[in-house]
Amino acid sequence: MESWGILQRNSPLFALHFKPHCPRDICIRYFTCRVAAAAPRRPNTYTTRSPPALFLTKSARLGSTLVARQSAKGSAKDPTTMTTTVELATVPTADTPGTCIYVHHEKRSYVFGHVAEGTQRAFSCRKLHLGGTEHLFLSGAVGWSQMGGLIGYLLSIGGAFDAAKEFRATENSKRAEKGQKLLRQLRNEGVTVHGADNLCHILAAARPVIFRQPVSVRAMEQREDPRGEDPTLTAPDWEDESIRVWKIPVRRARSNSPTKRRRSNSSTSNGSSSGMYKPASEPSDPSVAGLIMEKIMFTGSHDKIILVPKSIDELKPEDDAIVIDGNSMRRYDGPFGADALQSFGSAAKAWVFPDANAVPSKGDMDGINAISHGALPRTSYSETSMSYIMKCHDRRGKFNAQAAKELGVKPQSFKLLTAGETVTTDGGTVVTPDMVLGERQPGKGIAVADIGSRDFLDAFFERPEWTNPEIMSDVTSMYWIVGDGLASDPKIQQYIKAHPDIKHVLCSSSTCPNMVSNASSAEMLAKLRRIDPERFPFVSFDNTVDYQTPDNVPSIELGRAGHKVQIMPRLFYKDDAIAPFPDLHAAFNSVDEETLALAQKAKAKATDPAFLARIERQEADIPNRDTEIIPLGTGSSVPNKHRNVSGTLIRVPGIGNYLLDCGEGTLGQIKRLFGAEETAYILRDLRCIVVSHLHADHHMGMATTIKAWYEQALADKSDALIAISCIGRYRTVLQEISQVEDIGFHRLRFPSCSDSRADRDRDTTTAEQLAALGAQDSFGLRGIKRVPVAHCWRSYATELELVSGLRVAWSGDCRPSSKFAQACRGAHLLVHECTFGDDMQDHAKYKMHSTMGEALGVAREMQARRTLLTHFSQRYSKADALQPSEDSGTPDEDKEESVLLAHDLMRVKLGDFQKAACYIPAIAQVVAKTSDA
Ligand SMILES: [Zn+2]
């Protein structure tokens with residue numbers, strides 16, 4: 001009997017919503033929303049010269065608001081009916097580790113809280129469109145656990161805008177032919193990310209990976225305490241025409257700084273990275289990082305950026321430039337002082353950004369490359385955590401047309417009254433607005449209270465905002481985003497009890513059930529389990545919580561995804577929006593008789609003694625046949641409901657675990673599949689991670705996975721090391737992230753990176769080179785082979801050869817490579833990308849990917865013993881277009897069924913490929929029927 005684990009606890013929270021949740025494919029809806037959301041709405045009042053965002057003055061902020069308000073005034077929409085809703089998009093679960101609060105006001109949306117890994121996928125599962133997001137207010141301290149999904153989120157906004165533009169261009173060419181009126185060109189107002197110190201640094205760390213994105217992004221890094229000098233000030237710190245925001249920075253208590261807690265000098269890493277980080281006491285000046293982010297990474301268009309080289313004395317005061325001196329970078333936005341000038345080396349060079357209005361000139365990428373390879377000014381661990389109070393603006397009361405008419409006001413003068421003006425009627429009556437308008441509605445709002453760890457607790461409650469009656473008035477809900485074990489803390493409980501009129505929503509791992517957050521994927525897996533229980537597991541989940549809600553505190557609610565409240569114009573809770581617990585039992589039982597008959601047939605073949613004996617005979621020379629291969633993400637580009645982005649786990653019993661790429665959400669997938677206990681084992685034995693290339697869908701999960709591995713090692717009191725096979729430039733990405741938080745960078749070893757910057761990285765790493773890295777058993781590896789492949793800048797296919805002789809080859813993304821096939825001839829397992837079906841040959845060439853036929857061609861040429869195809873384009877949610885074609889040759893009794901298609905979270909042993917292949921027809925039918933439903 002399977003353990004279902006659903007509704008174990010007798011609690012009203014869990015008694016609700018037992019329907020299976022089946023979100024439909026939302027592509028079309030999503031697309032149309034993007035079009036609407038991307039339309040221009042608000043004049044952009046930011047100056048283009050400096051990253052305004054960093055140090056915007058108060059007057060500039062008010063100026064922005066004023067312009068915006070005036071434009072709102074002219075709109076015909078009655079403000080008394082405009083709705084503002086607040087929805088929990090994610091709460092902490094295994095695969096949505098952060099709390100993300102989605103605020104929606106008319107067409108505009110805002111995000112508060114965390115944009116952790118898995119956020120974007122959750123948005124698509126929950127049918128929330130991220131295309132309309134204009135401002136993200138990141139709470140907590142800046143770190144990968146807080147914003148690991150942010151880059152993916154921003155890229156998707158850019159992608160949405162691009163898609164909308166393309167749609168418009170096509171539409172307009174049709175209209176032009178017909179002589180119809182053309183649609184207006186779209187303008188992208190861009191996205192502003194607000195957060196604590198190190199925000200610019202951590203985003204700019206990704207500069208070799210992200211550049212020239214079609215969305216412009218600004219960062220407002222909070223460096224000042226808005227009420228530090230005068231705690232009685234009540235004006236908001238940021239506002240637009242829809243909402244007002246108070247920013248509340250909380251400093252970490254010094255004594256528990258992670259710098260002191262964690263830093264270990266016991267081990268040094270190889271090469272130039274060895275133990276070099278002595279974090280500064282203060283975070284660095286973010287101006288270089290901010291400029292890079294705005295002018296190189298998220299530029300709002302794909303246009304090439306050409307930087308002009310100048311010597312320091314050629315710089316003009318109006319230039320905006322980055323000066324590279326040796327390896328370090330500094331911003332120039334006006335003349336340096338004489339002292340500063342003397343500090344530059346003779347080889348210092350400035351790269352000047354073109355004026356925003358300049359026509360893009362022709363030139364090379366030298367400037368961009370120089371900045372990509374330069375080092376960001378060193379920073380120190382994040383010490384500030386942000387919380388926020390958000391309130392709508394007060395709104396005028398409802399207009400009483402009847403009363404106005406009775407007073408003799410003509411209808412054409414109604415709008416003067418609603419705009420706050422006084423009207424004199426023809427009969428001489430003076431009518432003031434208060435005579436015809438209902439009671440003013442105060443702007444209601446929410447508080448986002450982020451206390452990530454105990455060392456922020458005291459300072460949080462010392463903030464004046466929480467007890468300021470004016471700021472806190474009309475706050476209807478407080479979202480408590482708190483670290484492990486803090487939800488029951490007496491200080492928090494005391495505050496909650498003292499504020500019974502506010503709804504207190506607790507969002508932490510102990511107060512939110514680790515429910516299945518992505519129903520479609522889990523339900524699909526449950527159906528496939530009915531077909532082939534050996535390969536398809538149930539995901540791990542728990543719909544109960546340990547937290548005991550205190551008696552007599554009715555204002556406490558436990559966070560659940562979908563928790564939704566309308567705060568304006570009137571307050572009400574939309575209880576029916578809460579995400580239901582998926583019913584995996586129903587999904588399991590929903591497989592129809594026809595498909596079950598196919599499964600029976602497959603089972604008969606897979607258990608036939610003669611068949612099994614043949615497999616034993618054929619595979620006698622394959623080492624580690626009990627190696628388990630677990631595709632964690634089989635999709636390309638963006639995560640969707642069925643497929644996460646790239647990542648494949650290889651578990652070799654007795655040797656260790658290996659990850660082939662590590663896209664966003666990889667750790668979440670591991671946790672979701674295996675549960676906490678088994679995840680600890682997987683992390684403990686993780687020996688090597690391969691990063692094939694720098695496209696974002698292949699490595700955005702690295703920082704989280706490495707940090708989890710490191711924390712496991714610390715918990716085990718182990719001095720384990722881990723090997724990262726990547727290019728030298730990616731090592732620097734991890735290094736720069738590790739300045740913001742301790743991810744255990746000093747425990748990482750880079751077998752493929754050369755020690756000296758001048759040399760190229762190694763394409764072959766020998767057993768001796770591996771042994772020299774200091775791990776007891778050389779990470780279970782005998783060698784690493786890398787083959788450059790045609791895809792993007794420095795893409796590699798990689799073969800790991802284990803100490804047992806097992807050889808695992810991973811293509812990364814690429815056009816089919818004969819070199820790869822030849823270099824890895826006879827590999828026992830080939831994991832090959834297969835982005836497109838054979839009907840998309842041209843597309844595959846254009847996008848530098850492989851079709852299924854091409855991937856199979858490489859497998860044949862390599863004579864790979866077993867092949868797993870993965871990394872499918874998101875167009876193939878219906879995977880029947882992607883079936884390996886039947887061999888038309890004569891049936892051969894000894895032919896080995898060696899090819900499988902990967903499914904997210906399937907678990908297949910190397911020695912079971914042939915058994916698994918028996919089930920392909922039944923699996924294809926389940927997938928086809930599900931997509932059609
Ligand atoms: Zn790629």
# chains A, B, ... in the order shown; residues from 1 in each chain; ligands from 1
call {"tool": "residues_around", "arguments": {"residues": "Leu376 of chain A", "least_positions_apart": "4", "cutoff": "12 Å", "atoms": "only C-alpha atoms", "output": "VMD selection string"}}
result
chain A and resid 198 200 to 207 283 to 293 322 to 325 327 to 331 370 to 372 380 732 to 733 735 to 737 739 to 740
call {"tool": "write_last_selection", "arguments": {"atoms": "N, CA and C atoms", "output": "short mmCIF file (atom, residue, chain, number, x, y, z; two decimals), in the first residue's frame"}}
result
data_model
loop_
_atom_site.label_atom_id
_atom_site.label_comp_id
_atom_site.auth_asym_id
_atom_site.auth_seq_id
_atom_site.Cartn_x
_atom_site.Cartn_y
_atom_site.Cartn_z
N ASN A 198 24.19 45.05 -1.28
CA ASN A 198 24.72 43.95 -2.11
C ASN A 198 23.79 43.55 -3.25
N CYS A 200 23.06 45.17 -6.04
CA CYS A 200 23.71 45.40 -7.34
C CYS A 200 24.85 44.41 -7.54
N HIS A 201 25.60 44.16 -6.47
CA HIS A 201 26.76 43.27 -6.59
C HIS A 201 26.33 41.87 -7.03
N ILE A 202 25.31 41.34 -6.39
CA ILE A 202 24.95 39.94 -6.68
C ILE A 202 24.35 39.83 -8.09
N LEU A 203 23.63 40.87 -8.51
CA LEU A 203 23.09 40.83 -9.88
C LEU A 203 24.22 40.98 -10.91
N ALA A 204 25.14 41.91 -10.63
CA ALA A 204 26.22 42.14 -11.59
C ALA A 204 27.20 40.98 -11.65
N ALA A 205 27.20 40.13 -10.63
CA ALA A 205 28.06 38.94 -10.66
C ALA A 205 27.73 38.08 -11.89
N ALA A 206 26.50 38.20 -12.36
CA ALA A 206 26.07 37.38 -13.51
C ALA A 206 26.39 38.04 -14.85
N ARG A 207 27.23 39.07 -14.87
CA ARG A 207 27.45 39.82 -16.13
C ARG A 207 28.01 39.01 -17.29
N PRO A 283 29.74 46.86 3.03
CA PRO A 283 29.49 46.50 1.63
C PRO A 283 30.10 47.54 0.70
N SER A 284 30.46 47.11 -0.51
CA SER A 284 31.17 48.02 -1.40
C SER A 284 30.23 49.06 -2.00
N ASP A 285 30.83 50.10 -2.57
CA ASP A 285 30.08 51.10 -3.31
C ASP A 285 29.42 50.39 -4.51
N PRO A 286 28.10 50.46 -4.61
CA PRO A 286 27.42 49.69 -5.65
C PRO A 286 27.40 50.37 -7.01
N SER A 287 28.11 51.50 -7.17
CA SER A 287 27.87 52.26 -8.40
C SER A 287 28.39 51.54 -9.65
N VAL A 288 29.52 50.83 -9.55
CA VAL A 288 30.01 50.11 -10.73
C VAL A 288 29.03 48.99 -11.08
N ALA A 289 28.66 48.22 -10.04
CA ALA A 289 27.75 47.10 -10.28
C ALA A 289 26.41 47.59 -10.84
N GLY A 290 25.92 48.71 -10.30
CA GLY A 290 24.64 49.25 -10.77
C GLY A 290 24.71 49.66 -12.24
N LEU A 291 25.83 50.28 -12.58
CA LEU A 291 26.01 50.74 -13.96
C LEU A 291 26.09 49.55 -14.93
N ILE A 292 26.82 48.54 -14.52
CA ILE A 292 26.96 47.34 -15.36
C ILE A 292 25.59 46.71 -15.59
N MET A 293 24.82 46.65 -14.49
CA MET A 293 23.51 46.03 -14.59
C MET A 293 22.61 46.77 -15.58
N ILE A 322 33.58 53.32 -16.95
CA ILE A 322 34.17 52.44 -15.94
C ILE A 322 35.67 52.41 -16.20
N VAL A 323 36.43 52.66 -15.14
CA VAL A 323 37.88 52.65 -15.26
C VAL A 323 38.38 51.29 -14.78
N ILE A 324 39.14 50.63 -15.65
CA ILE A 324 39.72 49.34 -15.25
C ILE A 324 41.20 49.54 -15.00
N ASP A 325 41.59 49.25 -13.77
CA ASP A 325 42.98 49.43 -13.37
C ASP A 325 43.48 48.08 -12.87
N ASN A 327 43.00 44.61 -12.47
CA ASN A 327 41.80 43.80 -12.59
C ASN A 327 40.60 44.49 -11.94
N SER A 328 40.84 45.62 -11.26
CA SER A 328 39.74 46.20 -10.48
C SER A 328 39.01 47.29 -11.27
N MET A 329 37.75 47.45 -10.94
CA MET A 329 36.92 48.41 -11.69
C MET A 329 36.43 49.52 -10.77
N ARG A 330 36.31 50.68 -11.36
CA ARG A 330 35.85 51.84 -10.62
C ARG A 330 34.97 52.67 -11.55
N ARG A 331 34.00 53.34 -10.99
CA ARG A 331 33.11 54.13 -11.83
C ARG A 331 33.63 55.56 -11.99
N ALA A 370 36.17 43.44 -21.46
CA ALA A 370 37.05 43.90 -20.38
C ALA A 370 36.27 44.01 -19.08
N ILE A 371 35.05 44.54 -19.17
CA ILE A 371 34.23 44.70 -17.97
C ILE A 371 33.74 43.34 -17.46
N SER A 372 33.46 42.46 -18.41
CA SER A 372 33.01 41.13 -18.00
C SER A 372 34.12 40.39 -17.24
N SER A 380 31.28 42.92 1.30
CA SER A 380 31.25 42.05 2.48
C SER A 380 29.87 41.43 2.61
N THR A 732 34.74 32.74 -11.35
CA THR A 732 34.65 34.11 -10.82
C THR A 732 33.22 34.49 -10.47
N VAL A 733 32.25 34.00 -11.23
CA VAL A 733 30.85 34.28 -10.90
C VAL A 733 30.57 33.76 -9.48
N GLN A 735 32.72 33.11 -7.17
CA GLN A 735 33.54 33.85 -6.23
C GLN A 735 32.87 35.17 -5.82
N GLU A 736 32.31 35.87 -6.82
CA GLU A 736 31.68 37.16 -6.51
C GLU A 736 30.40 36.97 -5.70
N ILE A 737 29.67 35.90 -5.98
CA ILE A 737 28.48 35.62 -5.17
C ILE A 737 28.91 35.31 -3.74
N GLN A 739 31.10 36.58 -2.04
CA GLN A 739 31.42 37.77 -1.23
C GLN A 739 30.19 38.27 -0.49
N VAL A 740 29.01 37.93 -1.03
CA VAL A 740 27.75 38.41 -0.45
C VAL A 740 27.27 37.47 0.65
#
call {"tool": "residues_near_ligand", "arguments": {"ligand": "ligand 1", "cutoff": "7 Å", "atoms": "only C-alpha atoms and all ligand atoms", "output": "list in words"}}
result
His693, His695, His791, Cys792 and Asp813 of chain A
call {"tool": "residues_around", "arguments": {"residues": "Glu854 of chain A", "least_positions_apart": "5", "cutoff": "9 Å", "atoms": "only C-alpha atoms", "output": "PyMOL selection string"}}
result
chain A and resi 815-816+834+838+859
call {"tool": "select_by_dssp", "arguments": {"residues": "segment 109-280 of chain A", "states": "strand (DSSP E)", "output": "PyMOL selection string"}}
result
chain A and resi 109-113+133-138+140-141+191-195+217-221+238-239+243-251
call {"tool": "residues_around", "arguments": {"residues": "Ile471 of chain A", "least_positions_apart": "3", "cutoff": "9 Å", "atoms": "only C-alpha atoms", "output": "list in words"}}
result
Thr234, Ala235, Pro236, Trp246, Ile389, Glu465, Trp466, Thr467, Asn468, Asp474 and Val475 of chain A
call {"tool": "write_last_selection", "arguments": {"atoms": "N, CA and C atoms", "output": "JSON list (two decimals), in the first residue's frame"}}
result
[["chain", "number", "residue", "atom", "x", "y", "z"],
["A", 234, "THR", "N", 6.85, 60.46, 8.93],
["A", 234, "THR", "CA", 5.84, 59.48, 8.49],
["A", 234, "THR", "C", 5.66, 59.44, 6.97],
["A", 235, "ALA", "N", 6.38, 60.30, 6.23],
["A", 235, "ALA", "CA", 6.20, 60.31, 4.77],
["A", 235, "ALA", "C", 6.73, 59.00, 4.18],
["A", 236, "PRO", "N", 6.06, 58.49, 3.15],
["A", 236, "PRO", "CA", 6.55, 57.25, 2.54],
["A", 236, "PRO", "C", 7.91, 57.46, 1.89],
["A", 246, "TRP", "N", 6.90, 52.21, 2.66],
["A", 246, "TRP", "CA", 7.89, 52.58, 3.68],
["A", 246, "TRP", "C", 8.92, 51.47, 3.72],
["A", 389, "ILE", "N", 6.37, 48.38, 4.55],
["A", 389, "ILE", "CA", 4.94, 48.61, 4.75],
["A", 389, "ILE", "C", 4.45, 49.21, 3.43],
["A", 465, "GLU", "N", 8.83, 52.14, 13.07],
["A", 465, "GLU", "CA", 7.64, 52.04, 12.20],
["A", 465, "GLU", "C", 6.56, 51.15, 12.80],
["A", 466, "TRP", "N", 6.97, 50.06, 13.47],
["A", 466, "TRP", "CA", 5.97, 49.08, 13.93],
["A", 466, "TRP", "C", 5.06, 49.63, 15.01],
["A", 467, "THR", "N", 5.52, 50.73, 15.67],
["A", 467, "THR", "CA", 4.68, 51.29, 16.73],
["A", 467, "THR", "C", 4.20, 52.70, 16.38],
["A", 468, "ASN", "N", 4.46, 53.10, 15.15],
["A", 468, "ASN", "CA", 4.02, 54.44, 14.74],
["A", 468, "ASN", "C", 2.55, 54.35, 14.28],
["A", 474, "ASP", "N", -4.40, 51.46, 9.12],
["A", 474, "ASP", "CA", -4.95, 50.85, 7.90],
["A", 474, "ASP", "C", -4.10, 49.73, 7.33],
["A", 475, "VAL", "N", -3.10, 49.26, 8.08],
["A", 475, "VAL", "CA", -2.41, 48.02, 7.68],
["A", 475, "VAL", "C", -3.34, 46.88, 8.09]]
